[in-house]
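Source file: upload15.tsv; contents: TSV, C-alpha atoms.
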chain	number	residue	atom	x	y	z
A	14	MET	CA	0.35	11.34	25.84
A	15	THR	CA	2.40	10.18	22.87
A	16	ARG	CA	0.93	7.18	21.10
A	17	LYS	CA	2.99	4.11	20.25
A	18	ILE	CA	2.82	3.45	16.51
A	19	ASP	CA	4.40	0.36	14.93
A	20	LEU	CA	3.90	-0.01	11.18
A	21	HIS	CA	6.19	-2.98	10.52
A	22	THR	CA	5.31	-6.36	12.09
A	23	HIS	CA	5.00	-9.98	10.99
A	24	THR	CA	2.88	-12.99	11.94
A	25	THR	CA	2.62	-16.69	11.11
A	26	CYS	CA	1.03	-15.65	7.81
A	27	SER	CA	4.66	-15.20	6.68
A	28	ASP	CA	7.81	-15.59	8.81
A	29	GLY	CA	6.65	-14.41	12.22
A	30	SER	CA	6.11	-16.72	15.20
A	31	LEU	CA	2.89	-15.20	16.57
A	32	THR	CA	-0.55	-15.53	15.02
A	33	PRO	CA	-2.31	-12.27	14.09
A	34	GLU	CA	-4.49	-12.69	17.19
A	35	GLU	CA	-1.46	-13.21	19.44
A	36	LEU	CA	0.28	-10.19	17.92
A	37	LEU	CA	-2.71	-7.94	18.56
A	38	LYS	CA	-2.96	-9.09	22.17
A	39	LEU	CA	0.75	-8.44	22.68
A	40	ALA	CA	0.41	-5.03	21.05
A	41	HIS	CA	-2.41	-4.20	23.47
A	42	LYS	CA	-0.29	-5.36	26.40
A	43	GLU	CA	2.59	-3.14	25.19
A	44	GLY	CA	0.32	-0.12	24.93
A	45	ILE	CA	0.45	0.20	21.14
A	46	SER	CA	-2.25	2.46	19.69
A	47	VAL	CA	-1.61	1.99	15.96
A	48	LEU	CA	-0.40	-1.23	14.36
A	49	SER	CA	0.19	-2.50	10.84
A	50	ILE	CA	0.70	-6.18	10.11
A	51	THR	CA	3.06	-6.23	7.14
A	52	ASP	CA	3.54	-9.89	6.30
A	53	HIS	CA	5.64	-10.79	3.29
A	54	ASP	CA	3.60	-10.91	0.08
A	55	THR	CA	0.29	-11.69	1.76
A	56	LEU	CA	-2.67	-9.87	3.25
A	57	CYS	CA	-4.16	-13.01	4.80
A	58	ALA	CA	-3.94	-11.59	8.35
A	59	TYR	CA	-6.68	-9.08	7.61
A	60	THR	CA	-9.75	-11.17	8.36
A	61	PRO	CA	-13.02	-9.73	9.72
A	62	GLU	CA	-12.23	-11.44	13.04
A	63	ILE	CA	-8.84	-9.73	13.35
A	64	LYS	CA	-10.31	-6.34	12.48
A	65	ALA	CA	-13.00	-6.86	15.13
A	66	LEU	CA	-10.41	-7.89	17.71
A	67	ALA	CA	-8.29	-4.81	16.99
A	68	SER	CA	-11.35	-2.61	17.43
A	69	SER	CA	-12.27	-4.28	20.72
A	70	LEU	CA	-8.73	-3.73	22.01
A	71	GLY	CA	-8.73	-0.08	21.00
A	72	ILE	CA	-5.98	-0.57	18.41
A	73	GLU	CA	-6.11	1.27	15.10
A	74	LEU	CA	-5.17	-1.36	12.51
A	75	LEU	CA	-3.70	0.07	9.31
A	76	THR	CA	-3.71	-2.42	6.45
A	77	GLY	CA	-0.19	-3.23	5.30
A	78	VAL	CA	1.95	-5.71	3.40
A	79	GLU	CA	5.69	-6.00	2.72
A	80	ILE	CA	6.19	-6.78	-0.96
A	81	SER	CA	9.42	-8.38	-2.16
A	82	THR	CA	10.66	-6.83	-5.40
A	83	ASN	CA	13.54	-6.90	-7.84
A	84	CYS	CA	15.61	-4.08	-9.30
A	85	ASN	CA	18.40	-5.04	-11.69
A	86	GLY	CA	18.87	-8.37	-9.96
A	87	GLU	CA	18.89	-6.95	-6.42
A	88	GLY	CA	16.11	-7.51	-3.92
A	89	PHE	CA	14.26	-4.60	-2.27
A	90	HIS	CA	11.23	-4.55	0.02
A	91	VAL	CA	8.34	-2.17	-0.45
A	92	LEU	CA	5.86	-1.54	2.36
A	93	ALA	CA	2.33	-0.86	1.12
A	94	TYR	CA	-0.15	0.87	3.42
A	95	GLY	CA	-3.85	1.64	3.30
A	96	LEU	CA	-4.78	-0.97	0.70
A	97	ASP	CA	-8.07	-2.80	0.40
A	98	PRO	CA	-7.03	-6.38	1.34
A	99	ASN	CA	-9.48	-7.69	-1.28
A	100	ASN	CA	-8.22	-5.55	-4.16
A	101	PRO	CA	-7.97	-7.99	-7.10
A	102	ASP	CA	-5.01	-6.27	-8.76
A	103	ILE	CA	-2.97	-6.32	-5.55
A	104	LEU	CA	-3.92	-9.93	-4.85
A	105	GLU	CA	-2.81	-10.86	-8.39
A	106	LEU	CA	0.50	-9.06	-7.81
A	107	LEU	CA	1.07	-10.93	-4.55
A	108	GLU	CA	0.16	-14.22	-6.20
A	109	LYS	CA	2.95	-13.66	-8.73
A	110	ASN	CA	5.44	-13.45	-5.91
A	111	GLN	CA	3.97	-16.52	-4.22
A	112	GLU	CA	4.48	-18.49	-7.44
A	113	ALA	CA	8.04	-17.18	-7.72
A	114	ARG	CA	8.71	-18.24	-4.11
A	115	LEU	CA	7.37	-21.74	-4.79
A	116	GLU	CA	9.63	-22.12	-7.83
A	117	ARG	CA	12.63	-20.88	-5.86
A	118	ASN	CA	11.88	-23.14	-2.89
A	119	GLN	CA	11.72	-26.19	-5.12
A	120	LYS	CA	15.10	-25.35	-6.67
A	121	ILE	CA	16.62	-24.84	-3.20
A	122	LEU	CA	15.27	-28.20	-2.01
A	123	ALA	CA	16.68	-29.89	-5.12
A	124	CYS	CA	20.09	-28.40	-4.37
A	125	LEU	CA	19.90	-29.50	-0.73
A	126	GLU	CA	19.00	-33.00	-1.93
A	127	GLU	CA	22.15	-33.00	-4.06
A	128	ASN	CA	24.07	-32.13	-0.91
A	129	GLY	CA	22.61	-35.01	1.09
A	130	ILE	CA	19.81	-33.07	2.81
A	131	SER	CA	16.32	-34.33	2.11
A	132	ILE	CA	13.38	-32.31	3.47
A	133	PRO	CA	9.79	-33.00	2.31
A	134	TYR	CA	8.02	-29.83	1.21
A	135	GLU	CA	5.00	-30.79	3.32
A	136	GLU	CA	7.17	-30.53	6.41
A	137	ILE	CA	8.23	-27.01	5.46
A	138	LYS	CA	4.63	-26.00	4.76
A	139	ALA	CA	3.68	-27.10	8.27
A	140	GLY	CA	5.72	-24.20	9.64
A	141	ALA	CA	3.75	-21.48	7.82
A	142	THR	CA	0.15	-20.56	7.09
A	143	HIS	CA	0.70	-18.76	3.80
A	144	THR	CA	4.01	-17.25	2.61
A	145	ILE	CA	6.84	-19.80	2.62
A	146	GLY	CA	10.46	-18.78	2.22
A	147	ARG	CA	14.04	-19.57	3.16
A	148	VAL	CA	13.34	-19.03	6.85
A	149	HIS	CA	10.94	-21.97	6.86
A	150	ILE	CA	13.44	-24.18	5.03
A	151	ALA	CA	16.09	-23.20	7.58
A	152	ASN	CA	13.76	-24.03	10.46
A	153	ALA	CA	13.09	-27.47	8.98
A	154	MET	CA	16.83	-28.04	8.58
A	155	VAL	CA	17.30	-27.30	12.29
A	156	ASP	CA	14.38	-29.52	13.29
A	157	GLU	CA	15.79	-32.41	11.24
A	158	GLY	CA	19.25	-31.99	12.77
A	159	HIS	CA	21.02	-31.05	9.53
A	160	VAL	CA	22.37	-27.85	11.12
A	161	LEU	CA	22.54	-26.55	14.67
A	162	THR	CA	20.97	-23.14	14.12
A	163	ARG	CA	19.02	-21.23	11.51
A	164	GLN	CA	22.02	-18.96	11.02
A	165	ASP	CA	24.11	-22.05	10.20
A	166	ALA	CA	21.57	-22.99	7.54
A	167	PHE	CA	21.92	-19.59	5.90
A	168	ASP	CA	25.71	-19.45	6.26
A	169	GLN	CA	26.27	-22.90	4.74
A	170	TYR	CA	23.38	-23.39	2.32
A	171	LEU	CA	20.70	-20.69	1.95
A	172	GLY	CA	22.41	-17.30	2.14
A	173	ASP	CA	23.08	-15.08	-0.85
A	174	VAL	CA	26.64	-16.43	-1.28
A	175	ALA	CA	26.01	-19.98	0.03
A	176	LYS	CA	26.10	-23.20	-1.99
A	177	CYS	CA	22.32	-23.52	-2.50
A	178	HIS	CA	21.52	-19.88	-3.15
A	179	VAL	CA	18.87	-19.46	-5.85
A	180	PRO	CA	18.16	-15.95	-7.22
A	181	SER	CA	14.59	-14.73	-6.83
A	182	ASN	CA	12.34	-14.05	-9.79
A	183	LEU	CA	10.37	-11.35	-8.01
A	184	ILE	CA	8.18	-8.63	-9.50
A	185	PRO	CA	9.98	-5.46	-10.67
A	186	ILE	CA	9.98	-2.71	-8.06
A	187	ARG	CA	8.45	-0.18	-10.48
A	188	GLU	CA	5.53	-2.55	-11.10
A	189	ALA	CA	4.94	-2.92	-7.37
A	190	ILE	CA	4.97	0.84	-6.72
A	191	ALA	CA	2.60	1.51	-9.62
A	192	ALA	CA	0.16	-1.20	-8.50
A	193	ILE	CA	0.15	0.01	-4.88
A	194	GLN	CA	-0.53	3.60	-5.87
A	195	ALA	CA	-3.15	2.63	-8.46
A	196	ALA	CA	-4.96	0.78	-5.67
A	197	GLY	CA	-4.97	3.90	-3.50
A	198	GLY	CA	-2.17	2.79	-1.21
A	199	ALA	CA	1.08	4.41	-0.12
A	200	ALA	CA	4.35	2.84	-1.31
A	201	VAL	CA	7.22	3.08	1.19
A	202	LEU	CA	10.79	1.83	0.79
A	203	ALA	CA	11.49	-0.49	3.73
A	204	HIS	CA	14.68	-0.34	5.88
A	205	PRO	CA	16.94	1.56	3.43
A	206	SER	CA	20.04	0.98	5.59
A	207	ALA	CA	19.71	-2.80	5.27
A	208	TYR	CA	20.59	-3.26	1.60
A	209	ARG	CA	23.99	-4.63	0.62
A	210	ASN	CA	24.20	-2.93	-2.76
A	211	ARG	CA	24.31	0.72	-1.74
A	212	SER	CA	25.20	1.93	-5.24
A	213	GLU	CA	22.08	0.30	-6.70
A	214	LEU	CA	20.03	1.89	-3.94
A	215	GLU	CA	21.46	5.36	-4.37
A	216	GLU	CA	21.68	5.41	-8.17
A	217	GLY	CA	18.28	3.97	-9.00
A	218	VAL	CA	15.89	2.93	-6.27
A	219	LEU	CA	15.83	6.17	-4.28
A	220	ASP	CA	14.75	8.07	-7.39
A	221	LEU	CA	11.61	5.98	-7.81
A	222	PRO	CA	8.21	7.59	-7.05
A	223	PHE	CA	7.75	6.38	-3.47
A	224	ASP	CA	5.31	8.02	-1.09
A	225	GLY	CA	7.61	7.43	1.86
A	226	ILE	CA	10.71	5.82	3.29
A	227	GLU	CA	11.12	3.85	6.52
A	228	VAL	CA	13.19	6.05	8.81
A	229	ASP	CA	12.52	4.93	12.40
A	230	TYR	CA	13.71	1.34	12.12
A	231	SER	CA	14.62	-0.69	15.20
A	232	LEU	CA	18.15	-1.78	14.28
A	233	ILE	CA	19.77	1.42	13.05
A	234	SER	CA	21.60	4.19	14.88
A	235	SER	CA	20.23	7.63	15.67
A	236	ASP	CA	22.67	9.08	13.13
A	237	GLN	CA	21.28	6.83	10.40
A	238	LYS	CA	17.72	7.79	11.35
A	239	GLU	CA	18.63	11.45	11.13
A	240	LYS	CA	20.23	10.92	7.72
A	241	TRP	CA	17.12	9.24	6.31
A	242	ARG	CA	14.76	11.76	7.92
A	243	LYS	CA	16.62	14.59	6.22
A	244	PHE	CA	16.47	12.65	2.94
A	245	ALA	CA	12.70	12.20	3.36
A	246	GLN	CA	12.22	15.90	4.05
A	247	LYS	CA	14.32	16.86	1.02
A	248	ARG	CA	12.32	14.57	-1.27
A	249	LYS	CA	8.97	15.42	0.38
A	250	LEU	CA	8.42	11.81	1.44
A	251	VAL	CA	6.66	10.70	4.58
A	252	ALA	CA	9.03	9.17	7.16
A	253	THR	CA	7.51	5.96	8.51
A	254	GLY	CA	8.66	3.73	11.34
A	255	GLY	CA	8.37	0.23	12.73
A	256	SER	CA	10.12	-2.50	14.64
A	257	ASP	CA	10.13	-5.29	12.00
A	258	PHE	CA	8.90	-7.52	14.83
A	259	HIS	CA	8.85	-11.25	14.06
A	260	GLY	CA	8.31	-12.79	17.48
A	261	GLY	CA	9.87	-15.56	19.42
A	262	PRO	CA	13.20	-17.38	19.67
A	263	GLY	CA	15.08	-18.05	16.45
A	264	ALA	CA	13.34	-15.24	14.58
A	265	PRO	CA	14.80	-11.79	13.91
A	266	HIS	CA	13.71	-10.60	17.35
A	267	HIS	CA	13.10	-6.89	17.30
A	268	ARG	CA	11.08	-5.78	20.32
A	269	LEU	CA	7.57	-4.68	19.41
A	270	ALA	CA	7.39	-0.87	19.12
A	271	ALA	CA	11.16	-0.70	19.64
A	272	SER	CA	11.09	2.06	17.06
A	273	SER	CA	7.81	3.95	17.19
A	274	MET	CA	6.75	6.19	14.34
A	275	LYS	CA	6.34	9.87	15.18
A	276	GLU	CA	2.68	10.80	15.55
A	277	SER	CA	2.99	13.89	13.33
A	278	GLU	CA	4.46	11.75	10.55
A	279	TYR	CA	1.73	9.16	10.96
A	280	GLU	CA	-0.85	11.92	10.48
A	281	GLN	CA	1.05	12.91	7.34
A	282	LEU	CA	0.73	9.33	6.08
A	283	ARG	CA	-3.00	9.34	6.84
A	284	GLU	CA	-3.37	12.59	4.88
A	285	ILE	CA	-1.59	11.03	1.89
A	286	LEU	CA	-3.95	8.05	2.00
A	287	SER	CA	-6.97	10.35	2.37
A	288	ARG	CA	-5.96	12.31	-0.75
A	289	LYS	CA	-5.49	9.10	-2.71
A	290	LYS	CA	-8.92	7.89	-1.64
A	291	LYS	CA	-10.55	11.15	-2.75
A	292	ARG	CA	-8.82	10.98	-6.14
A	293	GLY	CA	-9.91	7.35	-6.53
Please re-express this file's structure in structure tokens.
Amino acid sequence: MTRKIDLHTHTTCSDGSLTPEELLKLAHKEGISVLSITDHDTLCAYTPEIKALASSLGIELLTGVEISTNCNGEGFHVLAYGLDPNNPDILELLEKNQEARLERNQKILACLEENGISIPYEEIKAGATHTIGRVHIANAMVDEGHVLTRQDAFDQYLGDVAKCHVPSNLIPIREAIAAIQAAGGAAVLAHPSAYRNRSELEEGVLDLPFDGIEVDYSLISSDQKEKWRKFAQKRKLVATGGSDFHGGPGAPHHRLAASSMKESEYEQLREILSRKKKRG
């Protein structure tokens, strides 16, 4: 029997709507055998209690995190797998991004204030347990009646070309890859079909020393998957997969395990991590 493997999910530790416990229980209900919680710039989901729950449910829990990075002014996401969630160097790296997010959020709120929209930061923090970003600001704008939907908030104020857009001061992508690999983890480029600046992707990012690339992603066509799988094979990269599940209404709602990673490719990822551990 083919196992269901989902290596890209989010919880309330970042911008998901389910707690880590709720996500694990849903994964069990959906028959998922291998799961990675890849919250944005935080490993806070990986508590002893969550690891014990995963074990009791018969779910293999692979440590993961989705790190936001910068390359020549463009944002790219790097999935890191197999890390020690208490690694001090990785935690320091993630803390840099948390500080950058805080600075950006404060500038966005100042801009919204100038446009007649006042939202206390404490109210935004109430919607998240750790990583706070534009999604949480958008949710607060909906709750306060400033816009009808979260999409309206992004279209009018928060999106990359909207009136209150603030560029991110995120860690350089090369720094993130180097830190992940130095900590014995695998660095994977997330959802390569999702980036707006294709020339930046093709001319620079794809040549970086990744261990893998996310191929089986829930919102792309079979032709796109085939294109990226061939690219991975050509570059000798592992092809990973995941749904990018966020949860309930108003979130990017990709069904859990909508795009399951191939078992043979998961074993390839495990072999990569095993070799890194031996070298470390």
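The interatomic distance for the pair CA of His21 (chain A) and CA of Leu66 (chain A) works out to 18.7 Å.
From CA of Phe89 (chain A) back to CA of Asp224 (chain A), the distance works out to 15.5 Å.
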key: Spatial sel., origin (-6.4, 8.5, 6.4), limit 12 Å, only C-alpha atoms, listed as JSON, numbers by chain   = {"A": [73, 74, 75, 76, 94, 95, 96, 197, 198, 199, 279, 280, 281, 282, 283, 284, 285, 286, 287, 288, 289, 290, 291]}
task = Kindly indicate which residue among A:Met274, A:Leu232, A:Leu269, A:Ala65 lies nearest to Thr253 (chain A), using only C-alpha atoms for the distances.
result = A:Met274
request  = Would you kindly return, as a PyMOL selection string, each protein, DNA or RNA residue with an atom no farther than 12 Å from any atom of Val148 (chain A), considering all atoms listed in the file and excluding same-chain residues fewer than 3 positions away?
outcome  = chain A and resi 25+27-30+53+114+118+137-138+140-141+144-145+151-155+162-167+170-172+259+263-265
Go ahead and write the residues just picked, C-alpha atoms, as a PDB file, in the frame of the given file.
ATOM      1  CA  THR A  25       2.620 -16.690  11.110  1.00  0.00           C
ATOM      2  CA  SER A  27       4.660 -15.200   6.680  1.00  0.00           C
ATOM      3  CA  ASP A  28       7.810 -15.590   8.810  1.00  0.00           C
ATOM      4  CA  GLY A  29       6.650 -14.410  12.220  1.00  0.00           C
ATOM      5  CA  SER A  30       6.110 -16.720  15.200  1.00  0.00           C
ATOM      6  CA  HIS A  53       5.640 -10.790   3.290  1.00  0.00           C
ATOM      7  CA  ARG A 114       8.710 -18.240  -4.110  1.00  0.00           C
ATOM      8  CA  ASN A 118      11.880 -23.140  -2.890  1.00  0.00           C
ATOM      9  CA  ILE A 137       8.230 -27.010   5.460  1.00  0.00           C
ATOM     10  CA  LYS A 138       4.630 -26.000   4.760  1.00  0.00           C
ATOM     11  CA  GLY A 140       5.720 -24.200   9.640  1.00  0.00           C
ATOM     12  CA  ALA A 141       3.750 -21.480   7.820  1.00  0.00           C
ATOM     13  CA  THR A 144       4.010 -17.250   2.610  1.00  0.00           C
ATOM     14  CA  ILE A 145       6.840 -19.800   2.620  1.00  0.00           C
ATOM     15  CA  ALA A 151      16.090 -23.200   7.580  1.00  0.00           C
ATOM     16  CA  ASN A 152      13.760 -24.030  10.460  1.00  0.00           C
ATOM     17  CA  ALA A 153      13.090 -27.470   8.980  1.00  0.00           C
ATOM     18  CA  MET A 154      16.830 -28.040   8.580  1.00  0.00           C
ATOM     19  CA  VAL A 155      17.300 -27.300  12.290  1.00  0.00           C
ATOM     20  CA  THR A 162      20.970 -23.140  14.120  1.00  0.00           C
ATOM     21  CA  ARG A 163      19.020 -21.230  11.510  1.00  0.00           C
ATOM     22  CA  GLN A 164      22.020 -18.960  11.020  1.00  0.00           C
ATOM     23  CA  ASP A 165      24.110 -22.050  10.200  1.00  0.00           C
ATOM     24  CA  ALA A 166      21.570 -22.990   7.540  1.00  0.00           C
ATOM     25  CA  PHE A 167      21.920 -19.590   5.900  1.00  0.00           C
ATOM     26  CA  TYR A 170      23.380 -23.390   2.320  1.00  0.00           C
ATOM     27  CA  LEU A 171      20.700 -20.690   1.950  1.00  0.00           C
ATOM     28  CA  GLY A 172      22.410 -17.300   2.140  1.00  0.00           C
ATOM     29  CA  HIS A 259       8.850 -11.250  14.060  1.00  0.00           C
ATOM     30  CA  GLY A 263      15.080 -18.050  16.450  1.00  0.00           C
ATOM     31  CA  ALA A 264      13.340 -15.240  14.580  1.00  0.00           C
ATOM     32  CA  PRO A 265      14.800 -11.790  13.910  1.00  0.00           C
TER      33      PRO A 265
END
request  = Can you work out the spacing between CA of Ile72 (chain A) and CA of Cys57 (chain A) in Å, to one decimal?
outcome  = 18.5 Å
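Across A:Ala195, A:Leu219, A:Val251, A:Leu202, the tightest approach to His90 (chain A) is made by A:Leu202 when counting only C-alpha atoms.
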request  = Please provide as a PyMOL selection string all residues within 6 Å of Asn83 (chain A), with the sequence filter that same-chain residues fewer than 2 positions apart are discarded (counting all atoms listed in the file).
outcome  = chain A and resi 86-88+183-186
Could you write those residues out with C-alpha atoms, as a compact mmCIF listing (two decimals), in the frame of the given file?
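Below you can see out_21.txt, which holds the result:
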# COMPACT_ATOMS: atom_id res chain seq x y z
CA GLY A 86 18.87 -8.37 -9.96
CA GLU A 87 18.89 -6.95 -6.42
CA GLY A 88 16.11 -7.51 -3.92
CA LEU A 183 10.37 -11.35 -8.01
CA ILE A 184 8.18 -8.63 -9.50
CA PRO A 185 9.98 -5.46 -10.67
CA ILE A 186 9.98 -2.71 -8.06
Could you write out as lines of an AutoDock Vina configuration file the box around region 243-255 of chain A (axis-aligned, all atoms listed in the file, 3 Å on each side), with centre and edge lengths in Å to one decimal?
center_x = 11.6
center_y = 8.5
center_z = 5.7
size_x = 16.0
size_y = 22.6
size_z = 20.0
ask   = Using all atoms listed in the file, which of the listed residues (A:Lys243, A:His267, A:Lys109, A:Lys238) sits closest to Glu188 (chain A)?
value = A:Lys109
task = Considering all atoms listed in the file, return as an MDAnalysis selection string whatever protein or nucleic-acid residues lie within 7 Å of Glu79 (chain A), sequence-local ones (same chain, fewer than 5 positions apart) excluded.
result = chainID A and resid 51:54 90:93
task = Tell me which protein, DNA and RNA residues are within 9 Å of Ala271 (chain A), counting all atoms listed in the file, leaving out same-chain ones fewer than 4 positions away, and put them as a PyMOL selection string.
result = chain A and resi 19+230-232+255-258+267
ask   = Which of these residues is nearest to Ser46 (chain A), using only C-alpha atoms: A:Ser235, A:Tyr208, A:Glu278, A:Ala270?
value = A:Ala270
ask   = Of the residues A:Ile103, A:Leu122, A:Cys84, A:Leu221, which is the one nearest to Ser181 (chain A), using all atoms listed in the file?
value = A:Cys84
